[in-house]
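For reference, final34.pdb is printed below; it contains PDB, C-alpha atoms and all ligand atoms.
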```pdb
ATOM      1  CA  MET U 123      83.766 107.910 120.948
ATOM      2  CA  VAL U 124      85.008 111.133 119.372
ATOM      3  CA  THR U 125      88.338 110.695 117.630
ATOM      4  CA  ARG U 126      90.047 113.689 116.074
ATOM      5  CA  LEU U 127      92.579 113.630 113.263
ATOM      6  CA  TYR U 128      95.015 116.500 112.906
ATOM      7  CA  THR U 129      96.992 117.019 109.736
ATOM      8  CA  HIS U 130      98.063 119.941 107.500
ATOM      9  CA  PRO U 131      99.199 120.406 103.876
ATOM     10  CA  ILE U 132     102.434 122.041 105.118
ATOM     11  CA  TYR U 133     103.614 118.598 106.255
ATOM     12  CA  LEU U 134     103.946 117.657 102.568
ATOM     13  CA  GLU U 135     106.359 120.555 102.029
ATOM     14  CA  HIS U 136     109.083 119.272 104.352
ATOM     15  CA  LEU U 137     111.226 117.815 101.564
ATOM     16  CA  THR U 138     113.893 115.115 101.734
ATOM     17  CA  PRO U 139     116.244 113.796  99.010
ATOM     18  CA  THR U 140     115.033 111.306  96.375
ATOM     19  CA  GLY U 141     115.080 107.811  97.853
ATOM     20  CA  HIS U 142     114.882 109.058 101.448
ATOM     21  CA  PRO U 143     112.466 106.848 103.440
ATOM     22  CA  GLU U 144     110.918 109.760 105.394
ATOM     23  CA  ARG U 145     109.054 111.341 102.479
ATOM     24  CA  PRO U 146     105.826 113.260 101.830
ATOM     25  CA  ASP U 147     104.222 110.192 100.185
ATOM     26  CA  ARG U 148     103.952 108.661 103.663
ATOM     27  CA  LEU U 149     101.281 111.197 104.583
ATOM     28  CA  ARG U 150      99.556 110.868 101.205
ATOM     29  CA  ALA U 151      99.248 107.104 101.852
ATOM     30  CA  ILE U 152      97.744 107.795 105.286
ATOM     31  CA  GLN U 153      95.341 110.366 103.858
ATOM     32  CA  ARG U 154      94.194 107.919 101.164
ATOM     33  CA  VAL U 155      93.440 105.127 103.609
ATOM     34  CA  LEU U 156      91.638 107.451 106.066
ATOM     35  CA  ASP U 157      89.432 108.746 103.223
ATOM     36  CA  ALA U 158      87.603 105.380 103.282
ATOM     37  CA  GLU U 159      83.947 105.269 104.354
ATOM     38  CA  GLU U 160      84.755 103.516 107.658
ATOM     39  CA  PHE U 161      86.600 106.650 108.809
ATOM     40  CA  ALA U 162      83.798 109.097 107.917
ATOM     41  CA  ALA U 163      83.156 109.803 111.624
ATOM     42  CA  LEU U 164      86.718 111.035 112.226
ATOM     43  CA  GLU U 165      86.736 114.728 113.181
ATOM     44  CA  ARG U 166      89.257 116.204 110.773
ATOM     45  CA  VAL U 167      90.947 119.354 112.034
ATOM     46  CA  GLU U 168      93.638 121.452 110.351
ATOM     47  CA  ALA U 169      96.666 121.649 112.613
ATOM     48  CA  PRO U 170      97.418 125.068 114.130
ATOM     49  CA  GLU U 171     100.903 126.548 114.160
ATOM     50  CA  GLY U 172     102.743 125.736 117.380
ATOM     51  CA  ASP U 173     103.583 128.201 120.150
ATOM     52  CA  PRO U 174     107.396 128.676 120.128
ATOM     53  CA  ALA U 175     107.396 128.912 123.939
ATOM     54  CA  THR U 176     106.302 125.269 124.118
ATOM     55  CA  ILE U 177     109.327 124.305 121.991
ATOM     56  CA  THR U 178     111.818 126.208 124.154
ATOM     57  CA  ALA U 179     110.264 124.591 127.235
ATOM     58  CA  VAL U 180     112.008 121.411 126.001
ATOM     59  CA  HIS U 181     114.791 122.490 123.621
ATOM     60  CA  PRO U 182     117.390 125.210 124.415
ATOM     61  CA  ARG U 183     116.666 128.522 122.686
ATOM     62  CA  LEU U 184     120.104 128.555 121.019
ATOM     63  CA  PHE U 185     119.473 125.129 119.461
ATOM     64  CA  VAL U 186     116.120 126.304 118.065
ATOM     65  CA  GLU U 187     117.654 129.539 116.702
ATOM     66  CA  ARG U 188     120.532 127.685 115.009
ATOM     67  CA  LEU U 189     118.101 125.251 113.390
ATOM     68  CA  CYS U 190     115.972 128.176 112.131
ATOM     69  CA  GLN U 191     119.069 129.907 110.762
ATOM     70  CA  ALA U 192     120.095 126.742 108.901
ATOM     71  CA  VAL U 193     116.861 126.640 106.849
ATOM     72  CA  PRO U 194     117.800 127.122 103.160
ATOM     73  CA  GLU U 195     116.179 129.589 100.700
ATOM     74  CA  SER U 196     115.952 126.702  98.248
ATOM     75  CA  GLY U 197     117.192 123.140  97.927
ATOM     76  CA  LEU U 198     118.155 120.981 100.890
ATOM     77  CA  VAL U 199     120.620 121.398 103.758
ATOM     78  CA  GLY U 200     121.804 118.474 105.875
ATOM     79  CA  VAL U 201     121.561 118.655 109.674
ATOM     80  CA  ASP U 202     123.211 115.235 109.948
ATOM     81  CA  ALA U 203     123.745 112.327 107.567
ATOM     82  CA  ASP U 204     120.021 111.546 107.234
ATOM     83  CA  THR U 205     118.203 114.614 108.627
ATOM     84  CA  VAL U 206     117.584 117.498 106.224
ATOM     85  CA  LEU U 207     115.971 120.917 106.064
ATOM     86  CA  SER U 208     114.097 122.379 103.101
ATOM     87  CA  GLN U 209     112.603 125.860 102.826
ATOM     88  CA  LYS U 210     109.342 124.895 104.573
ATOM     89  CA  SER U 211     110.785 122.382 107.065
ATOM     90  CA  MET U 212     110.673 124.734 110.031
ATOM     91  CA  LEU U 213     107.063 125.702 109.369
ATOM     92  CA  ALA U 214     106.181 121.999 109.064
ATOM     93  CA  ALA U 215     108.040 121.196 112.298
ATOM     94  CA  VAL U 216     106.370 124.045 114.205
ATOM     95  CA  THR U 217     102.977 122.935 112.871
ATOM     96  CA  ALA U 218     103.698 119.345 113.969
ATOM     97  CA  VAL U 219     104.269 120.760 117.459
ATOM     98  CA  GLY U 220     101.048 122.785 117.115
ATOM     99  CA  ALA U 221      99.033 119.665 116.309
ATOM    100  CA  ALA U 222     100.534 117.684 119.193
ATOM    101  CA  ASN U 223      99.740 120.458 121.672
ATOM    102  CA  ALA U 224      96.233 120.974 120.263
ATOM    103  CA  ALA U 225      95.596 117.246 120.639
ATOM    104  CA  VAL U 226      96.550 117.507 124.313
ATOM    105  CA  ASP U 227      94.239 120.526 124.716
ATOM    106  CA  ASP U 228      91.391 118.562 123.090
ATOM    107  CA  VAL U 229      91.547 115.557 125.403
ATOM    108  CA  PHE U 230      91.810 117.724 128.531
ATOM    109  CA  ALA U 231      88.886 119.922 127.354
ATOM    110  CA  ARG U 232      86.937 116.738 126.410
ATOM    111  CA  ARG U 233      86.466 117.954 122.843
ATOM    112  CA  ALA U 234      87.744 114.513 121.871
ATOM    113  CA  ASP U 235      88.188 111.149 123.583
ATOM    114  CA  ASN U 236      91.415 110.589 121.707
ATOM    115  CA  VAL U 237      93.390 112.125 118.845
ATOM    116  CA  PHE U 238      95.689 110.892 116.078
ATOM    117  CA  VAL U 239      98.177 113.378 114.648
ATOM    118  CA  ALA U 240      99.409 112.606 111.125
ATOM    119  CA  SER U 241     102.376 114.963 110.892
ATOM    120  CA  ARG U 242     105.974 115.124 109.750
ATOM    121  CA  PRO U 243     108.795 115.580 110.470
ATOM    122  CA  PRO U 244     108.677 112.988 113.260
ATOM    123  CA  GLY U 245     110.143 113.739 116.691
ATOM    124  CA  HIS U 246     111.343 110.950 118.981
ATOM    125  CA  HIS U 247     115.026 110.999 117.979
ATOM    126  CA  ALA U 248     115.351 114.762 118.654
ATOM    127  CA  GLU U 249     117.323 115.191 121.868
ATOM    128  CA  LYS U 250     117.383 118.347 123.976
ATOM    129  CA  ALA U 251     119.964 120.022 121.761
ATOM    130  CA  THR U 252     120.395 117.625 118.806
ATOM    131  CA  ALA U 253     118.217 117.167 115.718
ATOM    132  CA  MET U 254     118.811 113.691 114.279
ATOM    133  CA  GLY U 255     117.242 110.585 112.762
ATOM    134  CA  PHE U 256     114.789 112.528 110.530
ATOM    135  CA  CYS U 257     113.591 114.482 113.630
ATOM    136  CA  LEU U 258     113.857 118.237 114.341
ATOM    137  CA  PHE U 259     111.739 118.927 117.441
ATOM    138  CA  ASN U 260     110.552 116.250 119.867
ATOM    139  CA  ASN U 261     106.785 116.500 119.396
ATOM    140  CA  ALA U 262     105.894 113.931 122.086
ATOM    141  CA  ALA U 263     108.157 115.533 124.691
ATOM    142  CA  ILE U 264     106.824 119.018 123.928
ATOM    143  CA  ALA U 265     103.231 117.768 124.153
ATOM    144  CA  ALA U 266     103.972 116.065 127.497
ATOM    145  CA  ARG U 267     105.468 119.264 128.897
ATOM    146  CA  HIS U 268     102.524 121.253 127.511
ATOM    147  CA  ALA U 269     100.091 118.939 129.349
ATOM    148  CA  GLN U 270     101.978 119.663 132.581
ATOM    149  CA  THR U 271     102.176 123.442 132.187
ATOM    150  CA  ALA U 272      98.811 124.171 130.521
ATOM    151  CA  HIS U 273      96.638 121.480 132.116
ATOM    152  CA  ALA U 274      98.345 120.770 135.442
ATOM    153  CA  ALA U 275      98.975 117.138 134.515
ATOM    154  CA  GLU U 276     101.231 115.723 137.221
ATOM    155  CA  ARG U 277     102.291 112.540 135.476
ATOM    156  CA  VAL U 278     102.469 111.961 131.717
ATOM    157  CA  ALA U 279     103.357 108.611 130.134
ATOM    158  CA  ILE U 280     104.866 108.340 126.667
ATOM    159  CA  VAL U 281     104.647 104.875 125.099
ATOM    160  CA  ASP U 282     106.868 104.510 122.032
ATOM    161  CA  TRP U 283     106.307 101.467 119.813
ATOM    162  CA  ASP U 284     108.323 102.808 116.875
ATOM    163  CA  VAL U 285     110.832 100.091 115.896
ATOM    164  CA  HIS U 286     113.695 102.488 116.720
ATOM    165  CA  HIS U 287     114.491 103.570 120.257
ATOM    166  CA  GLY U 288     113.368 107.123 121.073
ATOM    167  CA  ASN U 289     116.758 108.307 122.289
ATOM    168  CA  GLY U 290     115.539 111.915 122.174
ATOM    169  CA  THR U 291     112.581 111.383 124.481
ATOM    170  CA  GLN U 292     114.753 109.352 126.838
ATOM    171  CA  ASP U 293     117.394 112.121 126.842
ATOM    172  CA  ILE U 294     114.846 114.844 127.604
ATOM    173  CA  PHE U 295     113.192 113.042 130.525
ATOM    174  CA  TRP U 296     116.234 111.068 131.794
ATOM    175  CA  ASP U 297     116.147 112.664 135.250
ATOM    176  CA  ASP U 298     112.478 113.704 135.346
ATOM    177  CA  PRO U 299     110.278 111.248 137.262
ATOM    178  CA  SER U 300     107.127 113.211 136.310
ATOM    179  CA  VAL U 301     107.284 111.634 132.841
ATOM    180  CA  LEU U 302     107.331 107.866 132.266
ATOM    181  CA  TYR U 303     108.944 106.781 129.000
ATOM    182  CA  CYS U 304     108.305 103.193 127.829
ATOM    183  CA  SER U 305     109.754 101.918 124.562
ATOM    184  CA  THR U 306     109.616  98.682 122.596
ATOM    185  CA  HIS U 307     112.195  98.684 119.819
ATOM    186  CA  GLN U 308     114.517  96.479 117.802
ATOM    187  CA  MET U 309     118.022  96.107 119.177
ATOM    188  CA  PRO U 310     120.628  96.260 117.785
ATOM    189  CA  LEU U 311     119.443  99.046 115.470
ATOM    190  CA  PHE U 312     119.749 102.830 115.024
ATOM    191  CA  PRO U 313     120.271 104.856 117.218
ATOM    192  CA  GLY U 314     121.969 102.273 119.456
ATOM    193  CA  THR U 315     120.421 103.346 122.762
ATOM    194  CA  GLY U 316     117.530 101.646 124.597
ATOM    195  CA  ALA U 317     119.167  98.837 126.585
ATOM    196  CA  LYS U 318     117.124  97.392 129.431
ATOM    197  CA  GLY U 319     119.608  98.810 131.948
ATOM    198  CA  GLU U 320     118.942 102.431 130.863
ATOM    199  CA  THR U 321     116.379 103.386 133.484
ATOM    200  CA  GLY U 322     116.915 107.123 134.143
ATOM    201  CA  ALA U 323     115.380 108.126 137.465
ATOM    202  CA  GLY U 324     113.405 104.887 137.456
ATOM    203  CA  ASN U 325     111.071 106.496 134.897
ATOM    204  CA  ILE U 326     112.528 104.873 131.760
ATOM    205  CA  VAL U 327     111.364 101.399 130.748
ATOM    206  CA  ASN U 328     113.166  99.953 127.745
ATOM    207  CA  ALA U 329     111.989  96.665 126.268
ATOM    208  CA  PRO U 330     114.453  95.906 123.460
ATOM    209  CA  LEU U 331     113.503  93.159 121.011
ATOM    210  CA  ALA U 332     115.817  91.047 118.865
ATOM    211  CA  PRO U 333     115.383  91.107 115.076
ATOM    212  CA  ARG U 334     112.560  88.785 113.915
ATOM    213  CA  SER U 335     110.945  88.815 117.368
ATOM    214  CA  GLY U 336     107.440  88.855 115.873
ATOM    215  CA  SER U 337     104.015  89.397 117.403
ATOM    216  CA  ASP U 338     104.281  87.119 120.437
ATOM    217  CA  LEU U 339     107.467  88.648 121.870
ATOM    218  CA  PHE U 340     106.195  92.170 121.140
ATOM    219  CA  ARG U 341     102.955  91.444 123.018
ATOM    220  CA  ASP U 342     104.924  89.762 125.824
ATOM    221  CA  ALA U 343     107.031  92.921 126.207
ATOM    222  CA  PHE U 344     103.878  95.013 126.387
ATOM    223  CA  LEU U 345     102.204  92.718 128.916
ATOM    224  CA  SER U 346     105.237  92.133 131.131
ATOM    225  CA  ARG U 347     107.010  95.526 130.988
ATOM    226  CA  VAL U 348     104.971  98.397 129.500
ATOM    227  CA  LEU U 349     101.507  97.822 130.981
ATOM    228  CA  PRO U 350     102.689  97.096 134.554
ATOM    229  CA  ALA U 351     104.827 100.273 134.416
ATOM    230  CA  LEU U 352     101.758 102.258 133.330
ATOM    231  CA  ASP U 353      99.677 100.760 136.139
ATOM    232  CA  ALA U 354     102.329 101.629 138.729
ATOM    233  CA  PHE U 355     102.732 105.176 137.378
ATOM    234  CA  ALA U 356      99.010 105.975 136.948
ATOM    235  CA  PRO U 357      99.443 108.732 134.347
ATOM    236  CA  ASP U 358      97.078 111.686 133.814
ATOM    237  CA  LEU U 359      97.661 111.386 130.056
ATOM    238  CA  ILE U 360      99.103 108.762 127.710
ATOM    239  CA  ILE U 361     100.942 109.906 124.589
ATOM    240  CA  ILE U 362     101.811 107.292 121.970
ATOM    241  CA  SER U 363     104.922 107.775 119.857
ATOM    242  CA  ALA U 364     103.220 105.842 117.081
ATOM    243  CA  GLY U 365     105.790 104.661 114.590
ATOM    244  CA  PHE U 366     104.699 101.842 112.316
ATOM    245  CA  ASP U 367     108.129 100.696 111.118
ATOM    246  CA  ALA U 368     107.906  97.475 113.152
ATOM    247  CA  HIS U 369     105.455  96.268 110.450
ATOM    248  CA  HIS U 370     106.738  93.225 108.534
ATOM    249  CA  LEU U 371     106.731  95.118 105.212
ATOM    250  CA  ASP U 372     108.961  97.920 106.519
ATOM    251  CA  PRO U 373     112.384  98.164 104.869
ATOM    252  CA  LEU U 374     114.216  99.649 107.891
ATOM    253  CA  ALA U 375     113.792  96.865 110.455
ATOM    254  CA  GLU U 376     112.657  93.290 110.978
ATOM    255  CA  ILE U 377     110.548  92.964 114.138
ATOM    256  CA  ASN U 378     107.840  91.665 111.756
ATOM    257  CA  LEU U 379     104.606  92.860 113.360
ATOM    258  CA  THR U 380     101.238  92.916 111.598
ATOM    259  CA  GLU U 381      98.560  95.598 111.681
ATOM    260  CA  ASP U 382      96.674  93.357 114.162
ATOM    261  CA  ASP U 383      99.464  93.959 116.668
ATOM    262  CA  PHE U 384      98.990  97.738 116.403
ATOM    263  CA  ASP U 385      95.222  97.263 116.815
ATOM    264  CA  TRP U 386      95.867  95.158 119.935
ATOM    265  CA  ALA U 387      98.469  97.537 121.431
ATOM    266  CA  THR U 388      96.144 100.494 120.816
ATOM    267  CA  GLY U 389      93.354  98.692 122.680
ATOM    268  CA  GLN U 390      95.663  97.945 125.610
ATOM    269  CA  LEU U 391      96.707 101.598 125.904
ATOM    270  CA  MET U 392      93.091 102.800 125.603
ATOM    271  CA  ASP U 393      92.236 100.468 128.460
ATOM    272  CA  ARG U 394      95.059 101.926 130.594
ATOM    273  CA  ALA U 395      94.076 105.488 129.647
ATOM    274  CA  GLU U 396      90.514 104.695 130.744
ATOM    275  CA  ARG U 397      91.726 103.203 134.012
ATOM    276  CA  HIS U 398      94.149 105.977 135.012
ATOM    277  CA  ALA U 399      93.722 109.062 132.819
ATOM    278  CA  ALA U 400      89.963 109.495 132.264
ATOM    279  CA  GLY U 401      90.569 108.051 128.785
ATOM    280  CA  ARG U 402      92.956 110.816 127.682
ATOM    281  CA  LEU U 403      95.062 109.412 124.842
ATOM    282  CA  VAL U 404      97.024 111.281 122.169
ATOM    283  CA  SER U 405      98.829 109.454 119.353
ATOM    284  CA  LEU U 406     101.575 111.107 117.315
ATOM    285  CA  LEU U 407     102.937 109.652 114.079
ATOM    286  CA  GLU U 408     106.637 108.804 114.182
ATOM    287  CA  GLY U 409     108.161 106.352 111.626
ATOM    288  CA  GLY U 410     106.750 103.831 109.152
ATOM    289  CA  TYR U 411     108.380 103.669 105.733
ATOM    290  CA  ASP U 412     106.606 101.049 103.637
ATOM    291  CA  LEU U 413     103.601 102.894 102.247
ATOM    292  CA  GLN U 414     101.296  99.869 102.281
ATOM    293  CA  GLY U 415     102.440  98.660 105.700
ATOM    294  CA  LEU U 416     102.057 102.195 107.034
ATOM    295  CA  ALA U 417      98.562 102.654 105.569
ATOM    296  CA  PHE U 418      97.302  99.262 106.864
ATOM    297  CA  SER U 419      98.789  99.922 110.297
ATOM    298  CA  VAL U 420      97.367 103.439 110.618
ATOM    299  CA  ALA U 421      93.958 102.128 109.526
ATOM    300  CA  ALA U 422      94.065  99.473 112.268
ATOM    301  CA  HIS U 423      95.296 101.972 114.868
ATOM    302  CA  VAL U 424      92.793 104.735 114.084
ATOM    303  CA  GLY U 425      89.986 102.210 113.635
ATOM    304  CA  ARG U 426      90.631 100.984 117.182
ATOM    305  CA  LEU U 427      90.793 104.554 118.541
ATOM    306  CA  MET U 428      87.348 105.228 117.017
ATOM    307  CA  LYS U 429      85.733 101.968 118.155
ATOM    308  CA  GLY U 430      86.921 102.048 121.723
TER
HETATM  309 ZN    ZN U 501     111.495 104.409 113.515
END
```

Starting from the coordinates I provided, produce the structure as structure tokens.
Ligand SMILES: [Zn+2]
Amino acid sequence: MVTRLYTHPIYLEHLTPTGHPERPDRLRAIQRVLDAEEFAALERVEAPEGDPATITAVHPRLFVERLCQAVPESGLVGVDADTVLSQKSMLAAVTAVGAANAAVDDVFARRADNVFVASRPPGHHAEKATAMGFCLFNNAAIAARHAQTAHAAERVAIVDWDVHHGNGTQDIFWDDPSVLYCSTHQMPLFPGTGAKGETGAGNIVNAPLAPRSGSDLFRDAFLSRVLPALDAFAPDLIIISAGFDAHHLDPLAEINLTEDDFDWATGQLMDRAERHAAGRLVSLLEGGYDLQGLAFSVAAHVGRLMKG
């Protein structure tokens, strides 16, 4: 197995206020854990800057321009109550898009079996024309569209196990049956969307979980909802919106998963990618706010990607 890891120092320069959960230390914790000997075989690649045309394939040009214009010379500017811009935020966001697209290119060109992208800001709350929930551009949605336009992928599946519902991804593909969006998430919780009855054009599969659901109900949701949907859809590529805030140590939610659950879920998706998509699997970091829980979870996830 060849597993690539994309990251970039610019991701540390997207700044948020003191005490904000989505902070540069998240990536430092991931870097530290992936420096261990067991990850020596990871192919580490510096993320390229993203092509703006891939962003405007998903987000309206006016939205992108307004976000660029809002970037401050210094200090922080709020986009909403918990989403902020610092001087380098746009460069970080465009480079997060660049890494996601490069990961897609890699699995289609067979340079890698699978790829993990350790980037920030995250993306799954960003709707077509709204930046929110710590997210500026929807990296997973842009990467899915890129796979369709650059690699003639007909069907792309996005599986989102972040503990929050990916309202942005759902919004973008609501009436687009060429993209399957499957999400497990805590409900009720921010952003409030993600009920089972929200099905789009039959291409949205929401599996909401009550607080304190734990490993068994999470795995049940995967086995009974997510995996059958993937089998029926037979994607050409699977993209994981890999948030790790469902971990029991995370301060933002209480689904109470362990790193073993992320190992298991990764294995299940690799199996489906093998079955339907010639193994093509791209994983993009979303949330995960307890540094230890995040590091343990990423180690389990990337370890599984490397082992097969
Ligand atoms: Zn989250």

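Among U:Ala400, U:Ile360, U:Ala169, U:Ala422, the residue with the shortest atom-to-atom distance to Ala269 of chain U, counting all atoms listed in the file, is U:Ile360.
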
Problem set entry | Polymer residues at most 12 Å from Ala179 of chain U, only C-alpha atoms, same-chain spacing of 2 or more positions, as a count of residues only | 24

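The coordinates place atom CA of Asn328 of chain U at 21.2 Å from atom CA of Asp385 of chain U.
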
Residue with the minimum atom-to-atom distance to Ala234 of chain U, picked from U:Phe340, U:Tyr128, U:Trp296, U:Phe366 with only C-alpha atoms counted, is U:Tyr128

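Between atom CA of Ala240 of chain U and atom CA of Val216 of chain U the separation is 13.7 Å.
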
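Comparing the minimum interatomic distances between Ala224 of chain U and each of U:Val404, U:Ala332, U:Ile280, U:Ala421, counting only C-alpha atoms, we find that U:Val404 sits nearest.
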
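Where the distance criterion is 9 Å and the atoms used are all atoms listed in the file, the residues close to ligand ZN 501 (chain U) are U:His246, U:His247, U:Gly255, U:Trp283, U:Asp284, U:Val285, U:His286, U:His287, U:Gly288, U:His307, U:Phe312, U:Gly365, U:Phe366, U:Asp367, U:Ala368, U:Leu374, U:Ala375, U:Glu408, U:Gly409, U:Gly410, U:Tyr411.
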
Shortest contact to Leu352 of chain U, candidates U:Ala279, U:Glu396, U:Asn289, U:Asp297, atoms counted all atoms listed in the file, goes to U:Ala279

Closest of U:Asp202, U:Asp235, U:Asp147, U:Glu159 to Arg126 of chain U, counting all atoms listed in the file, is U:Asp235

So which residues get picked by the PyMOL selection byres (((chain U and resi 300) around 9) and not hetatm) here, written as a compact mmCIF listing (two decimals) with C-alpha atoms, keeping the file's coordinate frame?
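This is the output file part-v6.txt:
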```txt
# COMPACT_ATOMS: atom_id res chain seq x y z
CA GLU U 276 101.23 115.72 137.22
CA ARG U 277 102.29 112.54 135.48
CA VAL U 278 102.47 111.96 131.72
CA ALA U 279 103.36 108.61 130.13
CA PHE U 295 113.19 113.04 130.52
CA ASP U 298 112.48 113.70 135.35
CA PRO U 299 110.28 111.25 137.26
CA VAL U 301 107.28 111.63 132.84
CA LEU U 302 107.33 107.87 132.27
CA ASN U 325 111.07 106.50 134.90
```

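Residues in contact with Val237 of chain U at up to 10 Å, not including ones fewer than 5 positions away on its chain and judged by only C-alpha atoms, are Val124, Thr125, Arg126, Leu127, Tyr128, Leu164, Glu165, Arg166, Ala221, Ala222, Ala224, Ala225, Val226, Asp228, Val229, Ile361, Arg402, Leu403, Val404, Ser405, Leu406, Val424, Leu427 and Met428 of chain U.
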
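Shortest separation to Glu320 of chain U among U:Glu168, U:Asp282, U:Asp342, U:Asp293 occurs at residue U:Asp293, atoms counted being all atoms listed in the file.
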
- Could you list the residues chosen by the PyMOL selection byres (((chain U and resi 208) around 7) and not hetatm) in this structure as a count of residues only? 13

**Expansion of the PyMOL selection byres (((chain U and resi 348) around 12) and not hetatm) into residues, as a ChimeraX atom specification** = /U:279-283,302-306,325-330,340-347,349-355,387,390-391,394

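The space between atom CA of Ala215 of chain U and atom CA of Arg232 of chain U spans 25.8 Å.
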
Exercise on segment 364-367 of chain U, axis-aligned box with 6 Å per side, report centre and edge lengths in Å to one decimal, as JSON:
```
{"center_x": 105.7, "center_y": 103.3, "center_z": 114.1, "size_x": 16.9, "size_y": 17.1, "size_z": 18.0}
```

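When the distance limit is 9 Å and only C-alpha atoms are what count, the residues near segment 212-214 of chain U, minus those fewer than 6 positions from it on the same chain, are His130, Pro131, Ile132, Tyr133, Leu134, Glu135, His136, Glu171, Leu189, Cys190, Val193, Ser241, Arg242, Pro243 and Leu258 of chain U.
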